[in-house]
Amino acid sequence: MIRTKQLLLPCLLAVAGVLYADEAAAAPTQSLGAAQASAPAATTTAAVTLSAVPGEAVTTYGWADQAKLKYASSKKITLIDDASYPDPKKKRQAFTKAIGSSAAAFIVISGDIDLSDGAVTDSDHSYYDAFDKTSHRRLHDDIIYPVTSNKTIIGVQNARICYGGLQIREASNIIIRNVTFWDAHGSTEYDTAVTQYSESKASIDNVVIRDSKGIWIDHCTFSDGVCHDMSRNYNHDGLLDIPAGQFVTISYCDFHNHDKVMLVGTGEKATNPAERTITLHHNYFHGTTQRTPRTRGTLMHIYNNVYDNIGVPENTGYCLGPGTEACFAVQNNYFGSRLGNIVDFYDKSTGTKATAQLYYAGNSEDLSAENTKLSNSKQKRALTDFLTDTIPWKISYDYESAMTSWEEAKAVVLTQAGAGKPVTVAGTTY
């Protein structure tokens, strides 16, 4: 593998602000005695049982540990299930009221929560096929509900959130575990059958994180459901987009059947890495096309993930897309079957030095001219212009306790990633 040393100043300056200017960031890593993300011995591939206790501290083995996350502490657990809410609309109303309240809430959900209140189903998407005959704009906007600070959402008994999206905006201390996010579904802004709007695209995300701090999403499943929207986003945008989020850990999640999975930083002005500090570990990306992730201005730690069956004939796609001011540490991941590249670089900077920086070590496949793409960058650069010999910032949380070789991680991810796990909540097992 080719590596060369690069000037690490942009990331070091950014991380100085993240690690020391913020009181929470300066705190020591959580002790291993706290509740933890699933990080068993790598040879353990038996079914995992998750555990969650209101008010208990967690360890995520990622950036979220800098925020001292805790499960929401509330007087009672809010249970939203079919027995309590046999009417689907009232069940949805109870859920969206709980996640949007000003008070801390520990929420346990079971079964389906239909955010569309029946307007969309797996077999009928006509709600989003309607456009104004004069303006050609869509008649129905995206269905999105806010999640406010100090919320814990735990899925049990195959919990699914369907036909709409959740937005975490200007919020903190959010934990979401063991939930399937199924077919957010929306439409293009304008009718693409009209020539002048043929390039219009959808904007709905299953989950979007904006200007928030301290987020852990773990053992969740994200997909477009029964839809096939893999080469041109007519009805979906991202599965999990992060325009801006500090201290975010995404772990043991399953992402599949989707085109543009995860966009981090929107627009070329999103160039401050301190605004996006994110860890992806033990996730399973398969049957996707691109953006796993695509980023700008980020300190992105990616370890022990599995990438397989990436790309479609109409769009061969890629796995990683570091852009302007994106600093990546990519360690011990498995890169399997794909039609496109492991890395497409999107550095739009015009200076003599590349601002996208990539530390790449211990992965199943070395980087070369055959599995990278440089032409999306604005300046003509060589692969070695982007590669570094050391991680481009100081990682001050414990991840080595959870990180294994890519071979061991692959076995764990293939059996443990995704939702649908048994969960023990405050001593009760579901």
# chains A, B, ... in the order shown; residues from 1 in each chain; ligands from 1
>>> residues_around(residues="Gly336 in chain A", least_positions_apart="4", cutoff="9 Å", atoms="only C-alpha atoms", output="PyMOL selection string")
chain A and resi 306-310+364-365
>>> closest_residue(among="A:Tyr284, A:Thr121, A:Glu189, A:Cys227", to="Leu139 in chain A", atoms="only C-alpha atoms")
A:Glu189
>>> residues_around(residues="Asp211 in chain A", least_positions_apart="5", cutoff="7 Å", atoms="only C-alpha atoms", output="VMD selection string")
chain A and resid 169 to 170 244 to 245
>>> write_last_selection(atoms="C-alpha atoms", output="JSON list (two decimals), in the first residue's frame")
[["chain", "number", "residue", "atom", "x", "y", "z"],
["A", 169, "ARG", "CA", -32.04, 19.33, 15.36],
["A", 170, "GLU", "CA", -30.25, 21.45, 17.97],
["A", 244, "ALA", "CA", -23.69, 18.93, 11.35],
["A", 245, "GLY", "CA", -23.25, 16.83, 14.48]]
>>> atom_distance(atom1="CA of Ser172 in chain A", atom2="CA of Ala184 in chain A")
23.1 Å
>>> select_by_dssp(residues="range 230-373 of chain A", states="strand (DSSP E or B)", output="PyMOL selection string")
chain A and resi 240-251+254-255+258-260+263-264+276-281+284-290+294-295+298-303+306-310+312+315+318-323+326-331+334-335+338+341-344+346+357-361+372-373
>>> residues_around(residues="range 246-261 of chain A", least_positions_apart="4", cutoff="7 Å", atoms="only C-alpha atoms", output="PyMOL selection string")
chain A and resi 60+62-64+66-67+212-224+229-231+237-240+275-293+413+416-418
>>> closest_residue(among="A:Tyr334, A:Asn363, A:Thr355, A:Ser368", to="Leu414 in chain A", atoms="only C-alpha atoms")
A:Tyr334
>>> atom_distance(atom1="CA of Trp182 in chain A", atom2="CA of Tyr61 in chain A")
26.5 Å
>>> atom_distance(atom1="CA of Asp81 in chain A", atom2="CA of Thr96 in chain A")
13.4 Å
>>> closest_residue(among="A:Thr78, A:Ser349, A:Asn315, A:Gln157", to="Val108 in chain A", atoms="only C-alpha atoms")
A:Thr78
>>> residues_around(residues="range 191-204 of chain A", least_positions_apart="4", cutoff="12 Å", atoms="only C-alpha atoms", output="VMD selection string")
chain A and resid 128 to 145 163 to 167 183 to 187 208 224 229 231 to 241 259 to 261 263
>>> select_by_dssp(residues="range 54-288 of chain A", states="helix (DSSP H, G or I)", output="list in words")
Trp63, Ala64, Asp65, Gln66, Ala67, Pro88, Lys89, Lys90, Lys91, Arg92, Gln93, Ala94, Phe95, Thr96, Lys97, Ala98, Ile99, Gly100, Ser126, Tyr127, Tyr128, Asp129, Thr195, Gln196, Tyr197, Pro273, Ala274 and Glu275 of chain A
>>> write_last_selection(atoms="N, CA and C atoms", output="short mmCIF file (atom, residue, chain, number, x, y, z; two decimals), in the first residue's frame")
data_model
loop_
_atom_site.label_atom_id
_atom_site.label_comp_id
_atom_site.auth_asym_id
_atom_site.auth_seq_id
_atom_site.Cartn_x
_atom_site.Cartn_y
_atom_site.Cartn_z
N TRP A 63 -16.96 8.59 19.13
CA TRP A 63 -16.97 10.01 19.45
C TRP A 63 -18.04 10.38 20.47
N ALA A 64 -19.17 9.68 20.50
CA ALA A 64 -20.24 10.03 21.43
C ALA A 64 -19.80 9.95 22.89
N ASP A 65 -18.72 9.19 23.17
CA ASP A 65 -18.25 9.09 24.54
C ASP A 65 -17.72 10.42 25.07
N GLN A 66 -17.36 11.34 24.17
CA GLN A 66 -16.91 12.65 24.60
C GLN A 66 -18.05 13.48 25.20
N ALA A 67 -19.28 13.07 24.97
CA ALA A 67 -20.45 13.82 25.45
C ALA A 67 -21.01 13.27 26.76
N PRO A 88 -53.74 2.82 14.98
CA PRO A 88 -52.42 3.19 14.47
C PRO A 88 -52.14 4.69 14.53
N LYS A 89 -53.15 5.52 14.26
CA LYS A 89 -52.92 6.96 14.29
C LYS A 89 -52.66 7.44 15.71
N LYS A 90 -53.41 6.93 16.67
CA LYS A 90 -53.19 7.33 18.07
C LYS A 90 -51.83 6.82 18.56
N LYS A 91 -51.41 5.68 18.05
CA LYS A 91 -50.08 5.17 18.39
C LYS A 91 -49.01 6.11 17.85
N ARG A 92 -49.17 6.55 16.62
CA ARG A 92 -48.22 7.49 16.04
C ARG A 92 -48.21 8.80 16.82
N GLN A 93 -49.39 9.28 17.17
CA GLN A 93 -49.49 10.53 17.91
C GLN A 93 -48.79 10.43 19.26
N ALA A 94 -48.95 9.30 19.93
CA ALA A 94 -48.28 9.11 21.22
C ALA A 94 -46.76 9.12 21.05
N PHE A 95 -46.30 8.50 19.98
CA PHE A 95 -44.86 8.44 19.73
C PHE A 95 -44.30 9.83 19.41
N THR A 96 -44.91 10.52 18.47
CA THR A 96 -44.36 11.82 18.06
C THR A 96 -44.49 12.86 19.17
N LYS A 97 -45.51 12.72 20.02
CA LYS A 97 -45.61 13.60 21.19
C LYS A 97 -44.47 13.33 22.16
N ALA A 98 -44.17 12.07 22.39
CA ALA A 98 -43.11 11.69 23.34
C ALA A 98 -41.74 12.15 22.86
N ILE A 99 -41.43 11.93 21.58
CA ILE A 99 -40.08 12.29 21.10
C ILE A 99 -39.91 13.79 20.94
N GLY A 100 -41.02 14.53 20.85
CA GLY A 100 -40.93 15.97 20.66
C GLY A 100 -41.17 16.78 21.92
N SER A 126 -49.07 6.16 -4.01
CA SER A 126 -49.68 7.18 -4.88
C SER A 126 -49.78 8.54 -4.20
N TYR A 127 -49.75 8.58 -2.88
CA TYR A 127 -49.79 9.85 -2.15
C TYR A 127 -48.68 10.77 -2.63
N TYR A 128 -47.55 10.18 -2.99
CA TYR A 128 -46.41 10.98 -3.45
C TYR A 128 -46.25 10.98 -4.96
N ASP A 129 -47.28 10.57 -5.66
CA ASP A 129 -47.26 10.66 -7.12
C ASP A 129 -48.08 11.85 -7.61
N THR A 195 -40.16 18.25 -18.66
CA THR A 195 -38.77 18.33 -19.11
C THR A 195 -37.91 19.25 -18.26
N GLN A 196 -38.41 20.43 -17.94
CA GLN A 196 -37.58 21.39 -17.21
C GLN A 196 -37.29 20.96 -15.77
N TYR A 197 -38.04 19.96 -15.28
CA TYR A 197 -37.82 19.47 -13.92
C TYR A 197 -37.31 18.02 -13.89
N PRO A 273 -13.98 20.85 10.32
CA PRO A 273 -14.08 19.48 10.83
C PRO A 273 -14.63 19.38 12.25
N ALA A 274 -14.44 20.42 13.06
CA ALA A 274 -14.92 20.37 14.44
C ALA A 274 -16.44 20.31 14.54
N GLU A 275 -17.14 20.65 13.46
CA GLU A 275 -18.60 20.64 13.49
C GLU A 275 -19.18 19.26 13.21
#
>>> residues_around(residues="Lys348 in chain A", least_positions_apart="3", cutoff="10 Å", atoms="only C-alpha atoms", output="list in words")
Glu268, Arg296, Gly323, Thr324, Glu325, Phe345, Gly351, Ala354, Thr355, Ala356, Asn376, Ser377, Lys378 and Gln379 of chain A
>>> residues_around(residues="Ile174 in chain A", least_positions_apart="5", cutoff="9 Å", atoms="only C-alpha atoms", output="number ranges by chain")
A: 69-72, 147-153, 168, 213-217
>>> write_last_selection(atoms="all heavy atoms", output="short mmCIF file (atom, residue, chain, number, x, y, z; two decimals), in the first residue's frame")
data_model
loop_
_atom_site.label_atom_id
_atom_site.label_comp_id
_atom_site.auth_asym_id
_atom_site.auth_seq_id
_atom_site.Cartn_x
_atom_site.Cartn_y
_atom_site.Cartn_z
N LEU A 69 -22.68 10.48 27.46
CA LEU A 69 -24.07 10.10 27.22
C LEU A 69 -24.64 9.26 28.35
O LEU A 69 -23.96 8.43 28.94
CB LEU A 69 -24.18 9.30 25.92
CG LEU A 69 -24.24 10.04 24.59
CD1 LEU A 69 -24.44 9.04 23.47
CD2 LEU A 69 -25.33 11.08 24.57
N LYS A 70 -25.94 9.47 28.59
CA LYS A 70 -26.71 8.63 29.52
C LYS A 70 -28.07 8.34 28.91
O LYS A 70 -28.62 9.15 28.15
CB LYS A 70 -26.91 9.34 30.86
CG LYS A 70 -25.66 9.53 31.69
CD LYS A 70 -26.02 10.17 33.03
CE LYS A 70 -24.77 10.34 33.90
NZ LYS A 70 -25.12 10.93 35.22
N TYR A 71 -28.60 7.17 29.24
CA TYR A 71 -30.01 6.95 28.90
C TYR A 71 -30.85 8.00 29.60
O TYR A 71 -30.55 8.43 30.71
CB TYR A 71 -30.45 5.55 29.34
CG TYR A 71 -29.85 4.42 28.54
CD1 TYR A 71 -28.94 3.54 29.11
CD2 TYR A 71 -30.21 4.23 27.21
CE1 TYR A 71 -28.38 2.51 28.38
CE2 TYR A 71 -29.66 3.20 26.46
CZ TYR A 71 -28.75 2.34 27.05
OH TYR A 71 -28.19 1.33 26.32
N ALA A 72 -31.92 8.41 28.93
CA ALA A 72 -32.80 9.42 29.51
C ALA A 72 -33.32 8.96 30.86
O ALA A 72 -33.68 7.79 31.04
CB ALA A 72 -33.96 9.71 28.57
N VAL A 147 -37.08 15.18 16.96
CA VAL A 147 -36.67 14.52 18.20
C VAL A 147 -35.91 15.55 19.02
O VAL A 147 -34.90 16.10 18.56
CB VAL A 147 -35.77 13.30 17.92
CG1 VAL A 147 -35.40 12.60 19.23
CG2 VAL A 147 -36.45 12.33 16.96
N THR A 148 -36.38 15.82 20.21
CA THR A 148 -35.77 16.83 21.06
C THR A 148 -34.80 16.20 22.06
O THR A 148 -34.69 14.97 22.16
CB THR A 148 -36.85 17.64 21.80
OG1 THR A 148 -37.71 16.74 22.50
CG2 THR A 148 -37.67 18.46 20.82
N SER A 149 -34.11 17.04 22.83
CA SER A 149 -33.02 16.60 23.71
C SER A 149 -33.49 15.61 24.78
O SER A 149 -34.66 15.59 25.17
CB SER A 149 -32.39 17.80 24.39
OG SER A 149 -31.73 18.63 23.47
N ASN A 150 -32.53 14.81 25.22
CA ASN A 150 -32.72 13.87 26.33
C ASN A 150 -33.81 12.84 26.03
O ASN A 150 -34.74 12.62 26.81
CB ASN A 150 -33.03 14.61 27.63
CG ASN A 150 -31.92 15.54 28.03
OD1 ASN A 150 -30.75 15.15 28.05
ND2 ASN A 150 -32.25 16.79 28.35
N LYS A 151 -33.67 12.23 24.86
CA LYS A 151 -34.60 11.18 24.46
C LYS A 151 -33.86 9.87 24.24
O LYS A 151 -32.81 9.83 23.58
CB LYS A 151 -35.35 11.57 23.18
CG LYS A 151 -36.20 12.82 23.29
CD LYS A 151 -37.31 12.68 24.31
CE LYS A 151 -38.20 13.90 24.38
NZ LYS A 151 -37.48 15.09 24.89
N THR A 152 -34.42 8.81 24.77
CA THR A 152 -33.95 7.45 24.48
C THR A 152 -35.09 6.71 23.81
O THR A 152 -36.22 6.70 24.32
CB THR A 152 -33.55 6.72 25.78
OG1 THR A 152 -32.41 7.36 26.35
CG2 THR A 152 -33.23 5.27 25.50
N ILE A 153 -34.81 6.11 22.66
CA ILE A 153 -35.81 5.32 21.94
C ILE A 153 -35.27 3.91 21.80
O ILE A 153 -34.23 3.69 21.17
CB ILE A 153 -36.10 5.92 20.55
CG1 ILE A 153 -36.54 7.38 20.66
CG2 ILE A 153 -37.16 5.09 19.83
CD1 ILE A 153 -36.63 8.09 19.31
N ILE A 168 -33.27 15.20 14.14
CA ILE A 168 -32.64 15.58 15.40
C ILE A 168 -31.96 16.91 15.13
O ILE A 168 -30.93 16.98 14.46
CB ILE A 168 -31.63 14.51 15.84
CG1 ILE A 168 -32.32 13.15 15.99
CG2 ILE A 168 -30.95 14.91 17.14
CD1 ILE A 168 -31.35 11.99 16.16
N LYS A 213 -25.54 17.44 19.37
CA LYS A 213 -24.34 16.97 20.06
C LYS A 213 -24.70 15.81 20.99
O LYS A 213 -25.65 15.89 21.76
CB LYS A 213 -23.74 18.11 20.87
CG LYS A 213 -22.49 17.74 21.67
CD LYS A 213 -22.00 18.91 22.51
CE LYS A 213 -21.49 20.04 21.66
NZ LYS A 213 -20.86 21.11 22.51
N GLY A 214 -23.90 14.74 20.92
CA GLY A 214 -24.11 13.60 21.81
C GLY A 214 -25.22 12.70 21.31
O GLY A 214 -26.31 12.66 21.88
N ILE A 215 -24.92 11.94 20.24
CA ILE A 215 -25.92 11.07 19.60
C ILE A 215 -25.33 9.66 19.47
O ILE A 215 -24.21 9.49 18.99
CB ILE A 215 -26.29 11.56 18.18
CG1 ILE A 215 -26.55 13.08 18.17
CG2 ILE A 215 -27.47 10.77 17.63
CD1 ILE A 215 -27.75 13.52 18.90
N TRP A 216 -26.11 8.66 19.89
CA TRP A 216 -25.70 7.26 19.68
C TRP A 216 -26.85 6.53 19.00
O TRP A 216 -27.96 6.46 19.53
CB TRP A 216 -25.37 6.59 21.01
CG TRP A 216 -24.88 5.17 20.90
CD1 TRP A 216 -24.21 4.59 19.86
CD2 TRP A 216 -25.04 4.15 21.89
NE1 TRP A 216 -23.92 3.27 20.14
CE2 TRP A 216 -24.41 2.97 21.39
CE3 TRP A 216 -25.62 4.11 23.16
CZ2 TRP A 216 -24.38 1.77 22.11
CZ3 TRP A 216 -25.58 2.92 23.89
CH2 TRP A 216 -24.96 1.77 23.36
N ILE A 217 -26.58 5.99 17.81
CA ILE A 217 -27.55 5.16 17.09
C ILE A 217 -26.91 3.79 16.94
O ILE A 217 -25.86 3.63 16.33
CB ILE A 217 -27.90 5.78 15.72
CG1 ILE A 217 -28.53 7.16 15.93
CG2 ILE A 217 -28.87 4.87 14.95
CD1 ILE A 217 -28.85 7.90 14.65
#
>>> closest_residue(among="A:Val207, A:Phe335, A:Ser74, A:Cys327", to="Lys410 in chain A", atoms="only C-alpha atoms")
A:Phe335
>>> closest_residue(among="A:Asp87, A:Leu387, A:Leu367, A:Ile154", to="Thr424 in chain A", atoms="only C-alpha atoms")
A:Ile154
>>> closest_residue(among="A:Lys68, A:Lys394, A:Lys421, A:Arg160", to="Leu115 in chain A", atoms="only C-alpha atoms")
A:Arg160
